[in-house]
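work04.tsv, holding TSV, C-alpha atoms:
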chain	number	residue	atom	x	y	z
A	91	MET	CA	94.98	128.10	94.26
A	92	THR	CA	95.45	131.20	96.40
A	93	ASP	CA	96.28	131.04	100.08
A	94	ASP	CA	93.75	132.35	102.56
A	95	ARG	CA	96.48	134.21	104.43
A	96	GLN	CA	98.49	137.08	103.05
A	97	ASP	CA	101.76	135.52	104.23
A	98	GLY	CA	100.88	132.24	102.52
A	99	ARG	CA	101.09	130.15	105.67
A	100	PRO	CA	98.63	127.25	106.06
A	101	SER	CA	95.69	127.75	108.36
A	102	ALA	CA	92.71	125.89	109.76
A	103	ASN	CA	90.24	127.90	107.64
A	104	PRO	CA	87.38	125.45	106.98
A	105	ASP	CA	86.18	127.36	103.89
A	106	ARG	CA	88.88	126.10	101.58
A	107	PRO	CA	90.11	122.55	100.99
A	108	LEU	CA	92.94	121.40	103.17
A	109	ARG	CA	96.08	120.65	101.22
A	110	VAL	CA	97.48	117.31	102.37
A	111	LEU	CA	100.62	115.46	101.36
A	112	GLY	CA	100.19	111.74	101.98
A	113	TRP	CA	103.14	109.40	102.37
A	114	PRO	CA	102.44	106.80	101.13
A	115	GLY	CA	99.75	108.33	98.96
A	116	PHE	CA	97.51	106.62	96.44
A	117	SER	CA	99.88	103.94	95.23
A	118	SER	CA	99.69	100.41	96.60
A	119	GLU	CA	103.20	99.34	95.71
A	120	ASN	CA	103.49	97.28	98.90
A	121	GLY	CA	100.21	95.52	98.15
A	122	ASN	CA	98.30	97.29	100.92
A	123	PRO	CA	95.62	99.71	99.64
A	124	TYR	CA	95.14	101.22	103.12
A	125	THR	CA	96.37	104.75	102.34
A	126	ARG	CA	94.71	104.83	98.93
A	127	LEU	CA	91.34	103.97	100.45
A	128	LEU	CA	91.78	106.61	103.15
A	129	TYR	CA	92.75	109.43	100.82
A	130	GLU	CA	90.17	108.61	98.15
A	131	ALA	CA	87.47	108.77	100.82
A	132	MET	CA	88.98	111.97	102.16
A	133	GLU	CA	88.85	113.73	98.81
A	134	ALA	CA	85.31	112.50	98.18
A	135	ALA	CA	83.82	113.38	101.56
A	136	ALA	CA	85.89	115.90	103.45
A	137	ASN	CA	86.87	118.99	101.39
A	138	VAL	CA	90.48	117.93	101.13
A	139	GLU	CA	93.02	117.87	98.31
A	140	VAL	CA	95.58	115.08	98.68
A	141	ASP	CA	98.83	114.65	96.77
A	142	GLY	CA	100.86	111.49	96.98
A	143	PHE	CA	104.42	111.99	98.15
A	144	THR	CA	107.35	112.27	95.77
A	145	MET	CA	110.81	113.46	96.73
A	146	PHE	CA	110.19	116.86	95.12
A	147	GLU	CA	106.60	117.44	96.25
A	148	PRO	CA	107.48	119.36	99.47
A	149	PHE	CA	109.41	121.89	97.36
A	150	GLN	CA	106.78	122.32	94.64
A	151	ARG	CA	103.69	123.10	96.69
A	152	ARG	CA	102.88	124.32	100.15
A	153	TYR	CA	100.79	121.96	102.26
A	154	ASP	CA	98.72	122.34	105.38
A	155	VAL	CA	99.49	118.81	106.58
A	156	TRP	CA	102.03	116.18	105.74
A	157	HIS	CA	100.48	112.89	106.82
A	158	VAL	CA	103.16	110.25	107.21
A	159	HIS	CA	102.80	106.51	107.76
A	160	TRP	CA	105.66	104.15	108.67
A	161	PRO	CA	108.50	106.72	108.83
A	162	GLU	CA	110.60	104.06	110.53
A	163	ASP	CA	110.55	101.71	107.53
A	164	PHE	CA	113.96	102.81	106.28
A	165	LEU	CA	115.42	101.38	109.48
A	166	SER	CA	114.53	97.94	108.09
A	167	TYR	CA	116.82	98.36	105.09
A	168	PRO	CA	119.64	95.81	105.52
A	169	SER	CA	122.18	98.05	103.77
A	170	PRO	CA	123.67	100.58	106.23
A	171	LEU	CA	124.38	103.01	103.40
A	172	SER	CA	120.78	102.93	102.15
A	173	ALA	CA	119.31	103.16	105.65
A	174	TYR	CA	121.44	106.14	106.67
A	175	PHE	CA	120.84	107.92	103.36
A	176	TYR	CA	117.05	107.60	103.39
A	177	ILE	CA	116.65	108.34	107.09
A	178	THR	CA	118.74	111.49	106.67
A	179	ALA	CA	116.78	112.51	103.58
A	180	GLU	CA	113.37	112.07	105.20
A	181	LEU	CA	114.38	113.98	108.32
A	182	LEU	CA	115.65	116.87	106.19
A	183	LEU	CA	112.42	116.88	104.18
A	184	PHE	CA	110.32	116.92	107.34
A	185	ALA	CA	112.37	119.82	108.70
A	186	TRP	CA	112.04	121.77	105.46
A	187	ALA	CA	108.28	121.26	105.30
A	188	ARG	CA	107.82	122.43	108.88
A	189	LEU	CA	109.93	125.53	108.21
A	190	CYS	CA	107.44	126.28	105.43
A	191	GLY	CA	104.54	126.01	107.89
A	192	THR	CA	103.40	122.46	107.11
A	193	LYS	CA	102.24	120.42	110.10
A	194	LEU	CA	103.41	116.85	110.45
A	195	VAL	CA	100.80	114.23	111.40
A	196	TRP	CA	101.99	110.69	112.09
A	197	THR	CA	99.76	107.63	112.05
A	198	VAL	CA	101.49	105.40	114.58
A	199	HIS	CA	101.13	101.99	112.98
A	200	ASP	CA	104.21	100.67	114.78
A	201	LEU	CA	106.55	101.84	117.52
A	202	GLY	CA	109.65	100.70	115.68
A	203	PRO	CA	110.82	98.68	112.70
A	204	HIS	CA	109.87	95.01	112.61
A	205	GLU	CA	113.44	94.14	111.63
A	206	SER	CA	115.93	96.57	113.13
A	207	TYR	CA	119.32	96.19	111.52
A	208	HIS	CA	120.70	99.52	112.71
A	209	PRO	CA	120.06	100.15	116.43
A	210	GLN	CA	122.50	103.06	116.54
A	211	LEU	CA	120.71	104.78	113.66
A	212	GLU	CA	117.36	104.12	115.34
A	213	SER	CA	118.62	105.70	118.56
A	214	LEU	CA	119.41	108.83	116.53
A	215	PHE	CA	116.21	108.80	114.48
A	216	TRP	CA	113.56	109.02	117.19
A	217	PRO	CA	115.00	112.05	119.09
A	218	LEU	CA	115.18	113.93	115.78
A	219	PHE	CA	111.81	112.84	114.38
A	220	LEU	CA	109.52	113.04	117.40
A	221	PRO	CA	109.93	116.78	118.16
A	222	MET	CA	108.76	117.52	114.61
A	223	VAL	CA	105.47	115.65	115.06
A	224	ASP	CA	102.50	118.02	115.44
A	225	GLY	CA	99.77	115.40	115.87
A	226	ILE	CA	99.30	111.65	115.99
A	227	ILE	CA	96.68	109.15	114.92
A	228	SER	CA	96.49	105.74	116.58
A	229	LEU	CA	94.50	102.81	115.28
A	230	SER	CA	93.35	101.79	118.76
A	231	GLU	CA	93.29	103.00	122.35
A	232	ARG	CA	95.84	100.35	123.31
A	233	ALA	CA	98.19	101.57	120.59
A	234	ARG	CA	97.93	105.18	121.74
A	235	GLU	CA	98.74	104.26	125.33
A	236	GLU	CA	101.75	102.25	124.22
A	237	ALA	CA	102.90	105.15	122.05
A	238	TYR	CA	102.61	107.50	125.04
A	239	ASP	CA	104.55	105.07	127.22
A	240	ARG	CA	107.39	104.71	124.76
A	241	PHE	CA	107.44	108.30	123.51
A	242	PRO	CA	106.12	110.57	126.31
A	243	VAL	CA	106.68	113.69	124.19
A	244	LEU	CA	103.66	112.63	122.10
A	245	ARG	CA	101.33	113.37	125.03
A	246	SER	CA	101.82	117.07	124.31
A	247	VAL	CA	100.37	117.01	120.77
A	248	PRO	CA	96.77	116.54	119.56
A	249	SER	CA	95.80	112.92	118.99
A	250	ALA	CA	92.89	110.85	117.72
A	251	ILE	CA	91.84	107.21	117.56
A	252	VAL	CA	91.00	106.33	113.95
A	253	PRO	CA	90.78	102.55	113.44
A	254	HIS	CA	91.96	100.61	110.43
A	255	GLY	CA	89.28	100.49	107.74
A	256	HIS	CA	87.99	97.39	106.00
A	257	TYR	CA	88.90	96.20	102.51
A	258	ARG	CA	85.47	95.31	101.15
A	259	THR	CA	85.69	97.90	98.37
A	260	ALA	CA	89.36	97.33	97.54
A	261	TYR	CA	89.21	93.91	95.88
A	262	PRO	CA	87.09	92.10	93.30
A	263	ASP	CA	83.81	90.56	94.43
A	264	PRO	CA	83.89	87.48	96.69
A	265	VAL	CA	83.95	84.02	95.16
A	266	PRO	CA	81.63	81.20	96.33
A	267	LYS	CA	83.44	78.77	98.60
A	268	THR	CA	82.67	75.74	96.43
A	269	GLU	CA	84.11	77.47	93.37
A	270	ALA	CA	87.19	78.59	95.31
A	271	ARG	CA	87.82	75.05	96.58
A	272	ARG	CA	87.53	73.72	93.03
A	273	ARG	CA	90.06	76.26	91.73
A	274	PHE	CA	92.63	75.26	94.32
A	275	ASP	CA	91.84	71.54	94.19
A	276	LEU	CA	90.82	71.46	97.83
A	277	GLY	CA	88.23	68.94	98.96
A	278	PRO	CA	84.80	70.48	99.58
A	279	GLU	CA	84.69	69.17	103.16
A	280	ALA	CA	88.36	69.48	104.12
A	281	PRO	CA	89.19	71.71	107.12
A	282	VAL	CA	91.35	74.45	105.56
A	283	ALA	CA	93.51	76.96	107.44
A	284	LEU	CA	95.14	79.87	105.62
A	285	PHE	CA	97.99	82.25	106.27
A	286	VAL	CA	97.94	85.17	103.84
A	287	GLY	CA	100.05	88.29	103.65
A	288	ARG	CA	103.62	89.48	103.53
A	289	ILE	CA	105.86	86.84	105.15
A	290	ARG	CA	108.30	88.41	107.60
A	291	PRO	CA	110.22	86.84	110.49
A	292	TYR	CA	107.97	88.23	113.23
A	293	LYS	CA	104.88	86.71	111.61
A	294	ASN	CA	105.99	83.25	112.73
A	295	VAL	CA	104.99	81.41	109.56
A	296	GLU	CA	107.62	78.70	109.89
A	297	THR	CA	106.30	77.93	113.39
A	298	LEU	CA	102.75	77.74	111.99
A	299	VAL	CA	103.86	75.19	109.41
A	300	ARG	CA	105.73	73.07	111.96
A	301	THR	CA	102.81	73.22	114.39
A	302	PHE	CA	100.37	72.14	111.70
A	303	ARG	CA	102.62	69.18	110.86
A	304	GLU	CA	102.30	68.01	114.47
A	305	TRP	CA	98.51	67.88	114.11
A	306	GLU	CA	97.66	64.35	113.05
A	307	GLN	CA	94.56	65.12	111.04
A	308	PRO	CA	94.92	63.69	107.52
A	309	GLU	CA	91.95	65.59	106.08
A	310	ALA	CA	93.15	69.03	107.23
A	311	ARG	CA	94.92	71.41	104.89
A	312	LEU	CA	97.16	74.44	105.43
A	313	VAL	CA	97.73	77.05	102.72
A	314	VAL	CA	100.54	79.59	103.12
A	315	ALA	CA	100.30	82.41	100.59
A	316	GLY	CA	102.39	85.54	100.48
A	317	ASN	CA	105.67	87.11	99.47
A	318	PRO	CA	108.61	86.34	101.79
A	319	ALA	CA	110.79	89.25	102.83
A	320	SER	CA	113.93	87.36	101.76
A	321	ASP	CA	115.03	84.31	99.83
A	322	ALA	CA	116.36	82.82	103.05
A	323	LEU	CA	112.96	83.14	104.73
A	324	ALA	CA	111.25	81.59	101.70
A	325	GLU	CA	113.62	78.63	101.92
A	326	GLN	CA	112.90	78.20	105.63
A	327	VAL	CA	109.16	78.01	104.95
A	328	ARG	CA	109.64	75.58	102.07
A	329	LEU	CA	111.84	73.31	104.14
A	330	ALA	CA	109.36	73.37	107.03
A	331	ALA	CA	106.55	72.29	104.68
A	332	ASP	CA	108.58	69.79	102.66
A	333	GLY	CA	107.25	66.25	102.78
A	334	ASP	CA	103.74	67.02	104.07
A	335	ALA	CA	101.25	66.82	101.22
A	336	ARG	CA	98.60	68.55	103.36
A	337	ILE	CA	100.54	71.85	103.22
A	338	ARG	CA	100.56	74.12	100.19
A	339	THR	CA	102.86	77.09	99.81
A	340	ASP	CA	102.44	79.90	97.31
A	341	LEU	CA	105.41	82.09	98.12
A	342	ARG	CA	104.93	85.14	95.94
A	343	PHE	CA	103.06	88.41	95.83
A	344	ILE	CA	99.34	87.61	95.68
A	345	GLU	CA	97.61	89.79	93.11
A	346	ALA	CA	94.35	91.51	94.07
A	347	GLU	CA	92.44	89.48	91.48
A	348	GLN	CA	93.48	86.24	93.18
A	349	MET	CA	92.75	87.27	96.74
A	350	PRO	CA	88.94	86.68	96.84
A	351	ALA	CA	89.17	83.03	95.79
A	352	LEU	CA	92.17	82.37	98.03
A	353	ILE	CA	90.40	83.60	101.16
A	354	ALA	CA	87.05	82.08	100.18
A	355	ALA	CA	88.67	78.64	100.02
A	356	ALA	CA	89.64	78.80	103.70
A	357	ASP	CA	87.59	78.02	106.78
A	358	LEU	CA	89.93	80.00	109.02
A	359	VAL	CA	92.69	82.59	108.59
A	360	VAL	CA	95.53	82.01	111.09
A	361	LEU	CA	97.92	84.86	111.94
A	362	PRO	CA	100.35	83.54	114.59
A	363	TYR	CA	102.49	86.67	114.92
A	364	GLU	CA	105.17	86.81	117.61
A	365	THR	CA	104.55	90.53	118.00
A	366	ILE	CA	101.41	92.29	116.88
A	367	MET	CA	99.57	95.52	117.49
A	368	HIS	CA	97.26	95.69	114.47
A	369	SER	CA	96.85	93.49	111.43
A	370	GLY	CA	95.80	94.44	107.94
A	371	SER	CA	95.61	90.73	107.16
A	372	ALA	CA	93.03	90.25	109.91
A	373	LEU	CA	90.92	93.07	108.43
A	374	LEU	CA	91.37	91.54	104.98
A	375	ALA	CA	90.06	88.17	106.17
A	376	LEU	CA	87.11	89.78	107.94
A	377	SER	CA	86.37	91.86	104.84
A	378	PHE	CA	85.92	88.58	102.97
A	379	ASP	CA	83.80	87.14	105.79
A	380	ARG	CA	86.32	84.67	107.12
A	381	PRO	CA	86.92	84.11	110.87
A	382	VAL	CA	90.38	84.78	112.24
A	383	LEU	CA	92.64	83.12	114.83
A	384	VAL	CA	95.23	85.46	116.39
A	385	PRO	CA	97.33	85.67	119.55
A	386	ASP	CA	95.90	87.70	122.41
A	387	ARG	CA	98.39	90.52	121.94
A	388	GLY	CA	98.42	94.17	121.00
A	389	ALA	CA	95.04	95.54	119.99
A	390	MET	CA	93.58	92.22	118.89
A	391	THR	CA	91.18	92.17	121.83
A	392	GLU	CA	89.85	95.59	120.81
A	393	LEU	CA	89.24	94.31	117.29
A	394	GLN	CA	87.57	91.20	118.69
A	395	GLN	CA	85.25	93.37	120.77
A	396	ARG	CA	84.41	95.39	117.68
A	397	VAL	CA	83.52	92.48	115.40
A	398	GLY	CA	82.47	89.88	117.97
A	399	ALA	CA	83.94	86.71	119.45
A	400	ASP	CA	82.16	84.67	116.78
A	401	TRP	CA	84.45	86.23	114.16
A	402	MET	CA	87.74	86.50	116.05
A	403	ARG	CA	89.28	83.92	118.34
A	404	THR	CA	92.39	84.63	120.40
A	405	TYR	CA	94.85	82.42	122.23
A	406	ALA	CA	97.18	83.35	125.08
A	407	SER	CA	99.98	80.79	124.84
A	408	ASP	CA	102.27	79.72	122.03
A	409	LEU	CA	100.49	78.17	119.07
A	410	THR	CA	99.93	74.43	119.52
A	411	PRO	CA	98.29	71.69	117.44
A	412	SER	CA	95.31	71.67	119.81
A	413	ILE	CA	94.85	75.44	119.44
A	414	LEU	CA	94.85	75.00	115.65
A	415	ALA	CA	92.43	72.08	115.83
A	416	ASP	CA	90.07	73.89	118.20
A	417	GLY	CA	90.28	77.03	116.06
A	418	LEU	CA	89.30	75.20	112.90
A	419	ALA	CA	86.46	73.40	114.68
A	420	TRP	CA	85.24	76.77	116.02
A	421	ALA	CA	85.42	78.34	112.56
A	422	ARG	CA	83.48	75.50	110.94
A	423	THR	CA	80.76	74.98	113.54
A	424	THR	CA	80.00	78.39	115.08
A	425	ASP	CA	76.64	79.84	114.12
A	426	ARG	CA	77.47	83.37	112.93
A	427	ALA	CA	75.99	86.03	110.69
A	428	ASP	CA	76.86	86.01	107.00
A	429	ARG	CA	79.13	89.03	107.42
A	430	PRO	CA	81.02	90.55	110.36
A	431	PRO	CA	79.84	94.00	111.53
A	432	LEU	CA	82.33	96.40	109.95
A	433	GLY	CA	80.09	99.47	109.72
A	434	ASP	CA	82.33	101.46	112.07
A	435	LEU	CA	85.22	100.82	109.70
A	436	GLU	CA	83.76	102.51	106.61
A	437	TRP	CA	86.32	104.74	104.93
A	438	PRO	CA	84.20	107.93	104.63
A	439	ARG	CA	83.69	107.87	108.40
A	440	LEU	CA	87.39	107.30	109.04
A	441	ALA	CA	88.33	110.04	106.57
A	442	ARG	CA	86.17	112.57	108.43
A	443	GLN	CA	87.75	111.56	111.74
A	444	THR	CA	91.21	111.99	110.24
A	445	VAL	CA	90.42	115.43	108.83
A	446	ALA	CA	89.01	116.49	112.19
A	447	LEU	CA	92.41	115.71	113.69
A	448	TYR	CA	94.14	117.70	110.94
A	449	ARG	CA	92.03	120.74	111.80
A	450	ARG	CA	92.70	120.37	115.52
A	451	VAL	CA	96.42	120.34	114.78
A	452	LEU	CA	96.15	123.47	112.65
A	453	GLU	CA	93.99	125.26	115.20
A	454	SER	CA	96.50	124.46	117.95
A	455	HIS	CA	99.11	126.44	116.01
A	456	ASP	CA	96.90	129.41	114.99
As a first step, turn the structure in this file into structure tokens.
Amino acid sequence: MTDDRQDGRPSANPDRPLRVLGWPGFSSENGNPYTRLLYEAMEAAANVEVDGFTMFEPFQRRYDVWHVHWPEDFLSYPSPLSAYFYITAELLLFAWARLCGTKLVWTVHDLGPHESYHPQLESLFWPLFLPMVDGIISLSERAREEAYDRFPVLRSVPSAIVPHGHYRTAYPDPVPKTEARRRFDLGPEAPVALFVGRIRPYKNVETLVRTFREWEQPEARLVVAGNPASDALAEQVRLAADGDARIRTDLRFIEAEQMPALIAAADLVVLPYETIMHSGSALLALSFDRPVLVPDRGAMTELQQRVGADWMRTYASDLTPSILADGLAWARTTDRADRPPLGDLEWPRLARQTVALYRRVLESHD
């Protein structure tokens, strides 16, 4: 494809497709199809060509925008050698791309790594990374304000609020609740709470298990399903659940084909995170029409306002047996619509909003 400028530099020309490098791109290696859904919708609806990132991609083709998610993830590598190598490599790649005229857009999912093993490296990373950012996307107004507070330099670049999309099109069709309960050998009338998703220390799963054990309700069930971040964490969860027949643990990566039945079997999805801004697991539960119990932290109130208090319940204190009991009673007895209102979270809409930010970034440099 020929460039629209004689010098080959990217531009905001709306007559040709934007060339976008997505990192991550279309793969769902971490089990989260978020970026794939975004970029597929973008290519279908917004006159954009997207390539998924590989180490050599920035050298092989010139891009208008490099859209990066989770650039801080390498800071969570326990090995100092690996963390320093990959952080250095990504910073050099960003610098090279910008020298070639590519603009760097960062979706600010988090303001730092969930597990920071290398504070000195992190203190070096942000001052080098942030000046290269040409535009930011936040998933909520609260998240953007917190990003501005922590990184004031971001106030000087174009920004947009583009919320997290739903997962209704990303998984197989829902399974009837009665069938799901039969598959997992759960009683048809049992109150069932579910934690689902990647198990990491900040998600507080061990505390959820111990809190459930304190609830003296013999008919209730707790299912914990997801892949622990370490063998040690898996062992902690197993030990916390050991001896209580009401608790089931499935500590592995949950395949997409198994997700519909797993969520359908639950009355309530419980996500008792110690720290939280956004939650893909909350959107996953809502996408399968299951109510959610979350702490009143981060942008959870914004999501609750979007979908309604009949679909999301928040709590302000530490998780307690009474909060769990009240949450399950609320989930089982509240009169709600068959599906939560997720129309604002359709991917074609979000893709257009994202591309509009790309073009604003490019225009600001023309």
Report the distance between atom CA of A:Leu312 and atom CA of A:Pro264 in Å, rounded to one decimal place.
-> 20.6 Å
Interatomic distance (Å, one decimal) between atom CA of A:His159 and atom CA of A:Leu383 |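 The value is 26.5 Å.
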Anything within 9 Å of (90.9, 89.1, 114.2): list those residues as a VMD selection string, counting all atoms listed in the file and sticking to the file's coordinates.
-> chain A and resid 359 361 369 371 to 373 375 to 376 381 to 384 390 to 391 393 to 394 397 401 to 404
Find the spatial neighbours of stretch 314-330 of chain A, counting all atoms listed in the file, within a cut-off of 8 Å - ignore same-chain residues fewer than 6 positions away - and output them as a ChimeraX atom specification.
-> /A:284-291,295-296,299-300,337-344
Enumerate, as a VMD selection string, the protein, DNA and RNA residues whose atoms approach (93.2, 115.0, 98.0) to within 10 Å, taking into account all atoms listed in the file and the coordinate frame of the file.
-> chain A and resid 107 to 112 115 to 116 128 to 134 136 to 142
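In this model, the gap between atom CA of A:Trp113 and atom CA of A:Glu347 comes to 25.1 Å.
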For stretch 246-256 of chain A: contacts at 7 Å, all atoms listed in the file, fewer than 2 positions along chain excluded, given as JSON, numbers by chain | {"A": [224, 225, 226, 227, 228, 229, 230, 231, 243, 244, 258, 373, 374, 377, 432, 435, 436, 437, 440, 443, 444, 447, 450, 451]}
From the list A:Met222, A:Val282, A:Ala421, A:Leu452, which residue is nearest A:Phe302 when using only C-alpha atoms?
-> A:Val282
Excluding A:Phe219 and residues on its chain fewer than 2 positions from it, collect all residues at most 12 Å away from it, counting all atoms listed in the file, and give them as a PyMOL selection string.
-> chain A and resi 158+161-162+177-185+188+194-196+212-217+221-224+241+243-244
Which of these, A:Leu418, A:Ala237, A:Ala283, A:Leu409, has the shortest distance to A:Thr297 once you count only C-alpha atoms?
->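 With only C-alpha atoms as the atom set, the closest residue is A:Leu409.
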Name the residues in contact with A:His204 at a cut-off of 12 Å, using all atoms listed in the file, excluding same-chain residues fewer than 4 positions from it; report them as a list in words.
->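 Final neighbour list, sorted by chain and number: Trp160, Glu162, Asp163, Phe164, Leu165, Ser166, Tyr167, His199, Asp200, His208, Ile289, Arg290, Pro291, Tyr292, Lys293, Ala319, Tyr363, Glu364, Thr365, Ile366 and Met367 of chain A.
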